[in-house]
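Please read the structure below before turning to the comments.
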Amino acid sequence: MIDPVIASRLQFAVTTIVHIIFPVMSMGLAPFLIYFTWKDIRTEEQVYRQLREFWTKVFAISFVVGTVTGIVLEFEFGTNFAAFSTAAGELFGGPLAVEGMMAFMLEATFLGIFVFGRERVSDRLYMLSSVLVGLGTWLSALWILIANSWMQTPRGFETVMESGQPVVMLVDPIAAYANPRFPWMYVHMQNAALLSVALFMAGVAAYFVWMNRDTEFWRKTMKIALAVLLISAPFQAIHGDAYGRHVAETQPQKFAAMEAQYDTDSSVGLKLLAFPTSLQDITDPRAENLFVIELPFVASILASGGDPGASITGLNDISSENPPVAIVFWAFRAMVGLGMWFILLAFWGGVRWYQGRLFDDDRLAQALAASSLLGIFTVELGWIVTEVGRQPWVIQG
Amino acid sequence: MKTSAGVSPSLTGTEALITLAGFVGVYAALLGLYSYVVTRLIREEAPTRPATPAGDEHQPGATIPNDD
């Protein structure tokens with residue numbers, strides 16, 4: 001029969017992979033909704049009212065499905081990962097509970113006003129409720145990512161033995177919650193949500209442009225989404241690059257798996273593109289066997305912060321038990337590759353916009369429409385790198 | 001702490017497999033329902049009144065009022 005460890009991990013993977021789609025939608029839509037509400041109140045232009053009303057519906061559905069799919073995850077810690085919960089509950093349970101009591105309650109309460117209250121409350125209270133709903137979604141992510149980042153870079157705890165079992169005791173909440181990974185993860189995730197939703201909005205709008213069914217509503221949607229894309233896509237790459245350096249320092253095993261680096265080596269190049277040279281390379285990529293286009297010395301420079309001759313510790317010299325290297329290696333490459341594509345799309349759109357031809361380029365409209373779901377897909381790839389890459393550890397040890 | 005040490009001690013592979021199958025079904029259905037509703041919203045609820053190009057303001061039949 002199947003190993004309960006594998007089945008439990010698969011179940012958590014499936015449920016969380018589906019769940020994350022909805023928070024990405026609501027977290028990414030929140031700043032757009034605040035902006036639409038503000039413009040609607042200030043200008044009273046019909047298009048902003050339409051934008052607010054329509055995207056609020058998408059937000060509300062995402063919120064509902066996100067809640068339903070998210071609650072299950074919290075129960076899975078008890079049903080499938082009881083030993084983990086027993087050991088780490090004192091530290092891990094806190095942020096999850098605060099997420100529910102503080103962020104979720106805030107969001108749920110003001111969402112009611114935001115969805116149904118436009119004609120019932122004052123402009124000021126309505127504006128405030130849009131901000132509080134947005135704040136609620138972003139606070140949810142804050143607490144969830146505190147819990148997750150602590151598992152990646154655990155701090156502020158002591159391990160004691162309780163009836164023969166190791167149990168984690170919280171000794172320094174600030175060190176534990178503001179652990180080194182947390183700011184990296186939070187910025188990367190929130191910007192990813194913005195980027196993904198901007199791509200989704202631009203993609204849907206571009207579809208209507210391409211079909212020649214665009215209205216002022218869709219044109220406005222496309223412009224605002226493109227403006228956000230122009231900032232968030234390049235930022236994600238610059239930030240991701242620095243994030244990678246942090247991973248190399250704090251989780252060398254994950255970093256080596258991302259690069260399929262088995263042997264410790266100095267002066268390592270950054271693999272821009274890696275091509276498998278045999279079928280075996282797909283399932284078992286090894287840095288030395290791949291055909292790569294690489295920037296010489298750059299991986300060493302990145303990992304060390306400037307030294308081209310720095311050595312990168314290979315998997316063989318870290319532990320006898322590796323994460324599934326192929327999944328991490330390819331998911332990382334696909335994520336970075338798609339990120340580059342998003343930057344290209346953003347600049348393509350930016351140039352056309354500057355030329356005043358944003359709605360005349362069918363190729364651009366097709367490319368955007370085809371990419372509308374790729375942002376969310378890339379978020380999944382990023383989380384696969386994060387979560388598969390830290391195996392065999394549930395709490396990095 | 002290793003992931004393998006974190007799993008509930010009394011959980012059997014069969015139990016985990018049954019719930020895994022159940023959740024795959026339920027989550028696939030939820031995702032399908034969500035996609036359906038959002039697609040429908042985009043198709044039918046988004047404002048489809050065309051932007052009126054200059055000099056082309058009286059297009060009979062091109063306007064589908066769909067606010068609320």
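Letters for chains follow the order of the structure tokens (A, B, ...), residue numbers begin at 1 for each chain, and ligand numbers begin at 1 in the order shown.
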
Residues of chain B within 6 Å of chain A, counting only C-alpha atoms - could you list those as an MDAnalysis selection string? chainID B and resid 1:4 6:8 12:13 16:17 20 50:51

Please, could you write that set of residues out with N, CA and C atoms as a PDB file, in the first residue's frame?
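Generated file (again07.pdb):
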ATOM      1  N   MET B   1      13.349  19.215  11.714  1.00  0.00           N
ATOM      2  CA  MET B   1      12.423  18.080  11.711  1.00  0.00           C
ATOM      3  C   MET B   1      12.160  17.648  10.271  1.00  0.00           C
ATOM      4  N   LYS B   2      12.295  16.344  10.040  1.00  0.00           N
ATOM      5  CA  LYS B   2      12.074  15.813   8.701  1.00  0.00           C
ATOM      6  C   LYS B   2      10.573  15.679   8.431  1.00  0.00           C
ATOM      7  N   THR B   3      10.213  15.858   7.163  1.00  0.00           N
ATOM      8  CA  THR B   3       8.803  15.733   6.785  1.00  0.00           C
ATOM      9  C   THR B   3       8.253  14.351   7.153  1.00  0.00           C
ATOM     10  N   SER B   4       9.085  13.328   6.952  1.00  0.00           N
ATOM     11  CA  SER B   4       8.617  11.964   7.223  1.00  0.00           C
ATOM     12  C   SER B   4       8.315  11.765   8.712  1.00  0.00           C
ATOM     13  N   GLY B   6       7.033  14.113  10.544  1.00  0.00           N
ATOM     14  CA  GLY B   6       5.949  15.022  10.901  1.00  0.00           C
ATOM     15  C   GLY B   6       4.560  14.453  10.660  1.00  0.00           C
ATOM     16  N   VAL B   7       4.502  13.335   9.946  1.00  0.00           N
ATOM     17  CA  VAL B   7       3.196  12.769   9.581  1.00  0.00           C
ATOM     18  C   VAL B   7       2.572  12.058  10.789  1.00  0.00           C
ATOM     19  N   SER B   8       1.246  12.130  10.856  1.00  0.00           N
ATOM     20  CA  SER B   8       0.529  11.509  11.971  1.00  0.00           C
ATOM     21  C   SER B   8       0.907  10.043  12.105  1.00  0.00           C
ATOM     22  N   THR B  12      -2.751   5.553   8.234  1.00  0.00           N
ATOM     23  CA  THR B  12      -2.326   4.482   7.323  1.00  0.00           C
ATOM     24  C   THR B  12      -2.360   4.982   5.885  1.00  0.00           C
ATOM     25  N   GLY B  13      -1.626   4.270   5.036  1.00  0.00           N
ATOM     26  CA  GLY B  13      -1.584   4.642   3.624  1.00  0.00           C
ATOM     27  C   GLY B  13      -2.968   4.602   2.990  1.00  0.00           C
ATOM     28  N   ALA B  16      -5.009   7.687   4.008  1.00  0.00           N
ATOM     29  CA  ALA B  16      -4.496   8.890   3.340  1.00  0.00           C
ATOM     30  C   ALA B  16      -4.849   8.876   1.856  1.00  0.00           C
ATOM     31  N   LEU B  17      -4.823   7.691   1.271  1.00  0.00           N
ATOM     32  CA  LEU B  17      -5.132   7.584  -0.159  1.00  0.00           C
ATOM     33  C   LEU B  17      -6.608   7.894  -0.436  1.00  0.00           C
ATOM     34  N   LEU B  20      -7.055  11.567  -0.080  1.00  0.00           N
ATOM     35  CA  LEU B  20      -6.394  12.212  -1.224  1.00  0.00           C
ATOM     36  C   LEU B  20      -7.315  12.184  -2.443  1.00  0.00           C
ATOM     37  N   PRO B  50     -20.042  49.445 -26.497  1.00  0.00           N
ATOM     38  CA  PRO B  50     -18.795  49.739 -27.187  1.00  0.00           C
ATOM     39  C   PRO B  50     -18.386  51.196 -27.006  1.00  0.00           C
ATOM     40  N   ALA B  51     -17.066  51.416 -26.959  1.00  0.00           N
ATOM     41  CA  ALA B  51     -16.561  52.781 -26.953  1.00  0.00           C
ATOM     42  C   ALA B  51     -16.966  53.401 -28.278  1.00  0.00           C
TER      43      ALA B  51
END

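Residues in contact range of A:Tyr177, defined as at most 6 Å between only C-alpha atoms, with sequence neighbours fewer than 3 positions away removed, read Ile146, Pro173 and Ile174 of chain A.
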
Nearest to B:Arg43, chosen from A:Pro323, A:Ala367, A:Tyr207, A:Phe359, with only C-alpha atoms counted in the distances: A:Tyr207

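The closest residue to A:Leu345, picked from A:Gly112, A:Gly240, A:Pro234, A:Gly100 and counting only C-alpha atoms, is A:Pro234.
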
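Between A:Ser232 and the residues A:Val379, A:Val292, A:Ile343, A:Ala178, the shortest atom-to-atom distance, using only C-alpha atoms, involves A:Ile343.
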
Can you pull out every residue within 10 Å of stretch 264-275 of chain A, counting only C-alpha atoms, but drop anything in the same chain fewer than 4 positions away, and send it as a VMD selection string? chain A and resid 256 259 281 to 282 285 287 289 to 303 307 to 318 329 to 330 333 to 334 336 to 337

I want to know what sits within 10 Å of A:Ala365, based on only C-alpha atoms, with residues of the same chain fewer than 5 positions away left out; could you give that as a ChimeraX atom specification? /A:202-211,222,349,358-360,370-371

Backbone-only DSSP, helix (DSSP H, G or I) members of stretch 284-367 of chain A, as a ChimeraX atom specification: /A:298-304,315-317,325-354,362-367

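Relative to atom CA of A:Ala326, atom CA of B:Gly22 is found at 28.1 Å.
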
Test item: residues at most 10 Å from A:Leu338, only C-alpha atoms, excluding those fewer than 6 positions along its chain, as a PyMOL selection string: chain A and resi 332+344+371+374-375+377-378+381

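Using only C-alpha atoms, the nearest neighbour of A:Trp38 within the list A:Leu135, A:Leu128, A:Leu199, A:Ala103 is A:Leu128.
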
Which polymer residues have any atom within 6 Å of an atom of A:Phe157, counting only C-alpha atoms, with same-chain residues fewer than 6 positions away left out, as a PyMOL selection string? chain A and resi 169-171

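Contact shell of stretch 189-196 of chain A at 8 Å (only C-alpha atoms; same-chain neighbours under 3 positions omitted): A:Val24, A:Met25, A:Met27, A:Gly28, A:Leu29, A:Trp138, A:Met185, A:Tyr186, A:Leu199, A:Phe200, A:Val228, A:Leu229, A:Ser232, A:Ala233, A:Gln236, A:Leu373, A:Leu374, A:Gly375, A:Ile376, A:Val379.
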